[in-house]
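Source file upload_22.txt; content: compact mmCIF, C-alpha atoms and all ligand atoms.
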# COMPACT_ATOMS: atom_id res chain seq x y z
CA MET X 1 0.00 0.00 0.00
CA THR X 2 1.19 3.52 -0.80
CA LEU X 3 1.94 5.63 2.27
CA THR X 4 2.95 9.24 1.93
CA ARG X 5 3.42 12.02 4.42
CA PHE X 6 3.56 15.76 4.79
CA ALA X 7 6.06 16.81 7.44
CA PRO X 8 5.85 20.51 8.29
CA SER X 9 7.65 22.20 11.16
CA PRO X 10 5.23 24.15 13.36
CA THR X 11 7.45 27.21 13.35
CA GLY X 12 5.27 29.41 11.17
CA LEU X 13 2.22 29.49 8.92
CA LEU X 14 2.12 27.36 5.78
CA HIS X 15 2.79 29.15 2.52
CA THR X 16 1.74 27.99 -0.94
CA GLY X 17 4.98 25.96 -1.28
CA HIS X 18 3.90 23.88 1.70
CA GLY X 19 0.41 23.63 0.24
CA TYR X 20 1.90 22.25 -2.96
CA ALA X 21 4.08 19.75 -1.05
CA ALA X 22 1.06 18.57 0.91
CA MET X 23 -1.03 18.30 -2.27
CA VAL X 24 1.57 16.13 -4.03
CA ALA X 25 1.74 13.71 -1.09
CA HIS X 26 -2.04 13.69 -0.68
CA ARG X 27 -2.76 13.02 -4.35
CA LEU X 28 -0.21 10.26 -4.65
CA ALA X 29 -1.81 8.48 -1.72
CA ARG X 30 -5.41 9.08 -2.81
CA GLU X 31 -4.84 8.01 -6.42
CA ARG X 32 -3.55 4.67 -5.23
CA GLY X 33 -5.98 4.05 -2.40
CA GLY X 34 -3.16 4.57 0.08
CA CYS X 35 -2.74 6.65 3.21
CA PHE X 36 -1.59 10.22 3.67
CA ARG X 37 -0.01 11.02 7.05
CA LEU X 38 0.66 14.28 8.81
CA ARG X 39 3.84 14.46 10.88
CA PHE X 40 4.92 17.55 12.76
CA GLU X 41 8.69 17.94 12.66
CA ASP X 42 8.87 19.69 16.00
CA ILE X 43 12.11 18.45 17.56
CA ASP X 44 13.54 21.97 17.66
CA SER X 45 11.65 23.12 20.73
CA THR X 46 13.43 26.49 20.58
CA ARG X 47 11.51 27.43 17.39
CA VAL X 48 8.19 25.62 17.71
CA ARG X 49 5.02 27.48 18.76
CA GLU X 50 1.87 25.68 19.87
CA GLU X 51 -0.48 27.89 17.83
CA PHE X 52 1.11 26.73 14.56
CA TYR X 53 0.06 23.07 15.00
CA THR X 54 -3.60 24.12 14.92
CA ALA X 55 -3.05 26.70 12.18
CA ILE X 56 -1.38 24.07 9.94
CA GLU X 57 -4.17 21.57 10.52
CA GLU X 58 -6.82 24.20 9.74
CA ASP X 59 -5.05 25.25 6.53
CA LEU X 60 -4.70 21.66 5.32
CA LEU X 61 -8.39 20.99 5.95
CA TRP X 62 -9.34 24.19 4.14
CA LEU X 63 -7.25 23.02 1.16
CA GLY X 64 -9.13 19.70 1.24
CA LEU X 65 -5.98 17.79 2.17
CA ALA X 66 -7.23 15.72 5.11
CA TRP X 67 -4.76 13.26 6.59
CA ASP X 68 -5.40 9.71 7.74
CA GLY X 69 -5.15 8.78 11.40
CA VAL X 70 -3.81 11.09 14.06
CA ALA X 71 -1.11 13.66 13.37
CA VAL X 72 2.20 12.51 14.81
CA ARG X 73 4.61 14.78 16.70
CA GLN X 74 8.31 14.02 16.42
CA SER X 75 8.84 15.54 19.87
CA GLU X 76 7.03 12.46 21.23
CA GLY X 77 9.45 10.02 19.61
CA MET X 78 12.72 11.02 21.25
CA GLU X 79 13.40 7.52 22.57
CA ALA X 80 13.45 6.05 19.07
CA TYR X 81 15.99 8.67 17.94
CA GLN X 82 18.21 7.93 20.93
CA HIS X 83 18.04 4.25 20.12
CA ALA X 84 19.04 4.91 16.50
CA LEU X 85 21.91 7.14 17.60
CA ALA X 86 23.16 4.45 19.98
CA ARG X 87 23.24 1.96 17.11
CA LEU X 88 25.34 4.32 15.01
CA GLN X 89 27.67 4.96 17.95
CA GLU X 90 28.11 1.22 18.48
CA ALA X 91 28.80 0.74 14.78
CA GLY X 92 31.62 3.31 15.03
CA VAL X 93 30.12 5.72 12.51
CA ALA X 94 29.21 8.54 14.92
CA TYR X 95 31.59 10.73 16.86
CA PRO X 96 31.17 13.47 19.49
CA CYS X 97 31.77 17.03 18.32
CA PHE X 98 32.58 19.71 20.86
CA CYS X 99 32.93 22.60 18.41
CA THR X 100 30.84 25.72 18.75
CA ARG X 101 29.40 27.31 15.63
CA ARG X 102 31.98 30.06 15.98
CA GLU X 103 34.89 27.64 16.25
CA ILE X 104 33.73 25.91 13.09
CA GLU X 105 33.55 29.23 11.22
CA GLU X 106 37.03 30.19 12.43
CA GLU X 107 38.47 26.82 11.44
CA ILE X 108 36.94 27.12 7.95
CA ALA X 109 38.35 30.65 7.57
CA ARG X 110 41.83 29.36 8.53
CA MET X 111 41.80 26.50 6.02
CA ALA X 112 43.26 27.11 2.60
CA SER X 113 40.67 24.90 0.92
CA ALA X 114 37.79 24.06 3.22
CA PRO X 115 35.51 21.25 1.98
CA HIS X 116 32.37 22.52 0.28
CA GLY X 117 29.01 20.92 -0.50
CA PRO X 118 25.94 22.08 -2.43
CA GLU X 119 24.90 24.28 0.50
CA GLY X 120 28.28 25.88 1.27
CA ALA X 121 31.18 25.02 3.55
CA LEU X 122 31.07 21.63 5.24
CA TYR X 123 32.16 20.77 8.76
CA PRO X 124 35.95 20.62 8.51
CA GLY X 125 36.23 17.47 10.63
CA THR X 126 37.94 19.09 13.62
CA CYS X 127 36.66 16.57 16.20
CA ARG X 128 36.80 13.49 13.96
CA ASN X 129 40.29 12.54 14.97
CA LEU X 130 40.17 13.22 18.70
CA SER X 131 41.51 10.26 20.63
CA HIS X 132 39.33 8.15 22.85
CA ASP X 133 40.99 9.75 25.91
CA GLU X 134 40.50 13.30 24.67
CA ARG X 135 36.82 12.60 24.08
CA ALA X 136 36.39 11.02 27.51
CA GLU X 137 38.22 13.92 29.19
CA ARG X 138 36.03 16.54 27.55
CA ILE X 139 32.85 14.70 28.42
CA ALA X 140 34.09 14.22 32.02
CA SER X 141 34.78 17.97 32.23
CA GLY X 142 31.06 18.56 31.67
CA LEU X 143 31.11 19.41 27.95
CA ASN X 144 27.98 18.21 26.21
CA PRO X 145 28.82 17.14 22.64
CA ALA X 146 26.81 17.08 19.47
CA TRP X 147 27.13 13.78 17.54
CA ARG X 148 28.18 13.71 13.90
CA LEU X 149 28.14 11.06 11.23
CA ASP X 150 31.61 9.92 10.20
CA ALA X 151 30.72 9.95 6.50
CA SER X 152 33.81 8.14 5.30
CA ALA X 153 33.56 5.38 7.94
CA ALA X 154 29.88 5.09 7.00
CA ALA X 155 30.72 4.77 3.31
CA SER X 156 33.14 1.93 3.93
CA GLN X 157 30.49 0.07 5.91
CA THR X 158 27.63 0.53 3.46
CA GLY X 159 29.50 0.08 0.18
CA SER X 160 27.95 1.77 -2.83
CA LEU X 161 24.27 2.69 -2.61
CA THR X 162 21.59 4.18 -4.83
CA PHE X 163 18.12 5.63 -4.36
CA THR X 164 15.30 6.08 -6.82
CA ASP X 165 13.58 9.37 -7.39
CA ARG X 166 10.47 9.54 -9.59
CA ARG X 167 11.61 12.74 -11.26
CA PHE X 168 15.38 12.43 -11.28
CA GLY X 169 15.71 8.67 -11.76
CA GLU X 170 18.27 6.45 -10.06
CA GLN X 171 20.84 8.38 -8.05
CA VAL X 172 24.20 7.07 -6.90
CA VAL X 173 24.67 8.00 -3.25
CA ASP X 174 27.55 10.26 -2.31
CA PRO X 175 27.69 9.72 1.46
CA SER X 176 30.03 12.70 1.90
CA LEU X 177 27.92 15.17 -0.08
CA LEU X 178 26.92 17.08 3.06
CA GLY X 179 30.04 16.10 5.02
CA ASP X 180 29.90 14.84 8.60
CA VAL X 181 26.34 15.97 9.29
CA VAL X 182 24.99 16.47 12.79
CA LEU X 183 22.99 13.45 13.92
CA ALA X 184 22.19 14.82 17.36
CA ARG X 185 22.38 18.43 18.42
CA LYS X 186 23.83 19.26 21.85
CA ASP X 187 20.66 20.96 22.98
CA ILE X 188 17.96 18.62 21.66
CA GLY X 189 19.65 15.23 21.41
CA THR X 190 18.63 14.53 17.82
CA ALA X 191 18.51 16.34 14.48
CA TYR X 192 16.63 16.40 11.20
CA HIS X 193 18.43 13.61 9.29
CA LEU X 194 18.22 11.04 12.06
CA ALA X 195 14.64 11.87 13.02
CA VAL X 196 13.31 11.83 9.47
CA VAL X 197 14.90 8.50 8.61
CA THR X 198 13.71 6.90 11.84
CA ASP X 199 10.15 8.15 11.38
CA ASP X 200 9.79 7.42 7.68
CA ALA X 201 10.77 3.83 8.51
CA SER X 202 8.61 3.38 11.60
CA GLN X 203 5.62 4.97 9.85
CA GLU X 204 6.28 2.70 6.86
CA ILE X 205 6.26 5.58 4.37
CA THR X 206 6.62 4.08 0.90
CA ILE X 207 7.11 7.30 -1.11
CA VAL X 208 8.88 10.23 0.52
CA THR X 209 7.77 13.42 -1.25
CA ARG X 210 9.46 16.74 -0.54
CA GLY X 211 11.05 19.74 -2.23
CA GLU X 212 14.02 19.33 -4.55
CA ASP X 213 16.10 21.47 -2.17
CA LEU X 214 16.27 18.37 0.01
CA LEU X 215 17.72 16.12 -2.70
CA PRO X 216 21.26 16.36 -1.20
CA SER X 217 19.86 15.28 2.17
CA THR X 218 18.59 12.06 0.64
CA HIS X 219 22.20 10.97 0.12
CA VAL X 220 22.59 11.13 3.89
CA HIS X 221 19.25 9.47 4.51
CA ARG X 222 19.95 6.52 2.26
CA THR X 223 23.29 6.05 4.04
CA LEU X 224 21.59 6.11 7.45
CA GLN X 225 18.93 3.65 6.26
CA ALA X 226 21.65 1.23 5.18
CA LEU X 227 23.54 1.60 8.47
CA LEU X 228 20.39 1.13 10.55
CA GLY X 229 19.04 -1.75 8.44
CA LEU X 230 15.90 0.20 7.48
CA LYS X 231 13.78 -0.31 4.39
CA GLU X 232 14.41 2.06 1.50
CA PRO X 233 11.43 4.17 0.41
CA GLU X 234 10.97 5.58 -3.06
CA TYR X 235 11.45 9.36 -3.43
CA LEU X 236 9.83 12.21 -5.27
CA HIS X 237 11.63 15.54 -4.96
CA HIS X 238 9.20 18.03 -6.45
CA PRO X 239 9.90 21.55 -7.76
CA LEU X 240 9.75 24.46 -5.34
CA ILE X 241 7.17 27.18 -5.57
CA THR X 242 8.87 30.52 -6.11
CA ASP X 243 7.80 34.15 -5.92
CA ASP X 244 7.64 36.55 -8.88
CA GLN X 245 11.42 37.04 -8.70
CA GLY X 246 12.05 33.29 -8.81
CA ARG X 247 13.02 33.12 -5.13
CA ARG X 248 11.76 30.18 -3.10
CA LEU X 249 9.15 31.03 -0.53
CA ALA X 250 10.06 31.25 3.13
CA LYS X 251 7.95 31.36 6.26
CA ARG X 252 8.73 35.06 6.58
CA ASP X 253 6.77 35.74 3.33
CA HIS X 254 3.60 36.34 5.29
CA ASP X 255 1.63 37.64 2.33
CA ARG X 256 2.06 34.27 0.60
CA SER X 257 0.75 32.31 3.56
CA ILE X 258 -2.27 30.13 2.90
CA ARG X 259 -3.94 31.97 5.77
CA SER X 260 -3.56 35.43 4.29
CA LEU X 261 -4.57 34.24 0.80
CA ARG X 262 -7.69 32.74 2.28
CA GLU X 263 -8.45 35.91 4.24
CA SER X 264 -8.03 38.03 1.15
CA GLY X 265 -10.60 35.95 -0.72
CA THR X 266 -8.37 33.65 -2.84
CA SER X 267 -10.10 30.31 -3.47
CA VAL X 268 -8.59 26.85 -3.09
CA GLU X 269 -9.08 26.34 -6.83
CA GLU X 270 -7.03 29.45 -7.59
CA ILE X 271 -4.23 28.28 -5.33
CA PHE X 272 -4.19 24.83 -6.94
CA ALA X 273 -4.31 26.36 -10.42
CA SER X 274 -1.10 28.27 -9.66
CA PHE X 275 0.83 25.03 -9.00
CA PRO X 276 3.15 23.57 -11.64
CA SER X 277 2.22 20.27 -13.22
CA CYS X 278 4.56 17.50 -14.13
CA VAL X 279 4.11 14.03 -15.57
CA GLU X 280 5.97 12.23 -12.79
CA TYR X 281 3.35 13.02 -10.18
CA PRO X 282 -0.33 13.85 -10.08
CA THR X 283 -1.22 17.15 -11.68
CA PRO X 284 -3.64 19.68 -10.17
CA ASN X 285 -7.25 19.52 -11.41
N1 LIG J 301 10.26 19.45 7.82
C1 LIG J 301 10.74 19.59 6.50
C2 LIG J 301 10.24 20.88 5.89
O1 LIG J 301 9.44 21.56 6.49
C3 LIG J 301 10.32 18.43 5.63
C4 LIG J 301 11.41 17.48 5.52
C5 LIG J 301 11.06 16.20 4.79
O2 LIG J 301 9.99 16.11 4.20
O3 LIG J 301 11.88 15.31 4.85
O4 LIG J 301 10.67 21.24 4.81

Exercise: express the given structure as structure tokens:
Amino acid sequence: MTLTRFAPSPTGLLHTGHGYAAMVAHRLARERGGCFRLRFEDIDSTRVREEFYTAIEEDLLWLGLAWDGVAVRQSEGMEAYQHALARLQEAGVAYPCFCTRREIEEEIARMASAPHGPEGALYPGTCRNLSHDERAERIASGLNPAWRLDASAAASQTGSLTFTDRRFGEQVVDPSLLGDVVLARKDIGTAYHLAVVTDDASQEITIVTRGEDLLPSTHVHRTLQALLGLKEPEYLHHPLITDDQGRRLAKRDHDRSIRSLRESGTSVEEIFASFPSCVEYPTPN
């Protein structure tokens, strides 16, 4: 059975880009008699606001994109993320990182050729080679580390991998594309990549749909799935909705929020009619 999901963060109102993402996931599920799930990606408690859970649900219902079952909150699944992190630690593919954001920036500025990925400079690997004793000493001194993926150790354990995207076709995984990503932040004990992979597996999502800006992340996700022995879903990275200047929408674009469009009299049909269509996934009416 086809299972899709829409996974917004309740840190702001939905804009039309979110509406489009939700519509793609909803249609894929409905066309195949499958299920469409709603999952709140709310692990970052520093940015989440309670009012946005309700606002997101109301906007989805107004758009006619009802979800099946109860909406899930990632903040309620922390134990599963800790369990997944422990497995990666035991496998020797996760290491503690004591760097502050500032130290990382300074280190990058000092390096003659800092490693770069599609989204800019990558973590330069400062803590990767700390000895066992150095790590233990820092932890004993009360420092609380973040945990990072050792991408090259991971690659040698997984061997070569691929994933299939319905728009972009088969992709060969580059496990180092985003460098040694953070698996668990110091302050919240998990992070996006680990949480999304854990949840997509436990919720048995068969097609992960999301914006094409997240295509590089899928290289990390496929690597984590292989390391954790999780089933591989199919992917559909859809185009992003942009404004008149071709810039992708952000939560700060309040005038493009579904809420303000609705309040100014725009109909659901008009919103759907503004979405791009594409043969690889269901087109708007
Ligand atoms: N929470 C992410 C977002 O709001 C979605 C990530 C995903 O679908 O994997 O863009």

I'd like a table as a tab-separated table: residues in chain X with an atom no more than 8 Å from ligand LIG 301 (chain J), each row giving the shortest atom pair and its distance in Å to one decimal, only C-alpha atoms and all ligand atoms counted, sorted by chain and rising residue number.
residue	atom	partner	partner_atom	distance
X:Arg5	CA	J:LIG301	O2	7.7
X:Phe6	CA	J:LIG301	O2	6.5
X:Ala7	CA	J:LIG301	C3	4.9
X:Pro8	CA	J:LIG301	O1	4.2
X:Ser9	CA	J:LIG301	O1	5.0
X:His18	CA	J:LIG301	O1	7.7
X:Phe40	CA	J:LIG301	N1	7.5
X:Glu41	CA	J:LIG301	N1	5.3
X:Tyr192	CA	J:LIG301	C4	7.8
X:Val196	CA	J:LIG301	O3	6.0
X:Val208	CA	J:LIG301	O2	7.0
X:Thr209	CA	J:LIG301	O2	6.5
X:Arg210	CA	J:LIG301	O2	4.8
X:Gly211	CA	J:LIG301	O4	7.2
X:Leu214	CA	J:LIG301	O3	7.2

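Distances from X:Leu236, X:Val24, X:Ile188, X:Leu230 to X:Arg166 were compared using all atoms listed in the file, and the smallest one belongs to X:Leu236.
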
### Query
In Å, with one decimal, what is the gap from atom CA of X:Ala154 to atom CA of X:Thr190?
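Between these atoms lies a distance of 18.2 Å.
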
As a check of understanding: the span from atom CA of X:Ser257 to atom CA of X:Glu57 is 13.7 Å

Using only C-alpha atoms, the best pick from X:Tyr235, X:Phe168, X:Trp147, X:Tyr81 as closest to X:Ala195 would be X:Tyr81

The distance between atom CA of X:Asp44 and atom CA of X:Arg148 is 17.2 Å

Please work out which residues fall within 8 Å of (-4.7, 27.6, 1.1), coordinates as given in the file, with only C-alpha atoms counting, and return them as a count of residues only. 15

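Closest to X:Ala109 among X:Ala80, X:Glu263, X:Val93, X:Ala121 is X:Ala121, based on all atoms listed in the file.
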
Q | Pick from X:Gly189, X:Pro233, X:Pro239, X:Gly246, whichever lies nearest to X:Tyr20 using only C-alpha atoms | A |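 Checking each candidate against X:Tyr20, we get X:Pro239 as the closest.
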
X:Leu143 proximity check over X:Thr100, X:Ser45, X:Gln203, X:Ser160, using all atoms listed in the file: winner is X:Thr100

inquiry  = I need every residue sitting at most 12 Å from the point (34.3, 14.0, 18.2) (coordinates as in the file, only C-alpha atoms considered), written as a PyMOL selection string.
reply    = chain X and resi 89+92-99+123-139+143-150+180+182
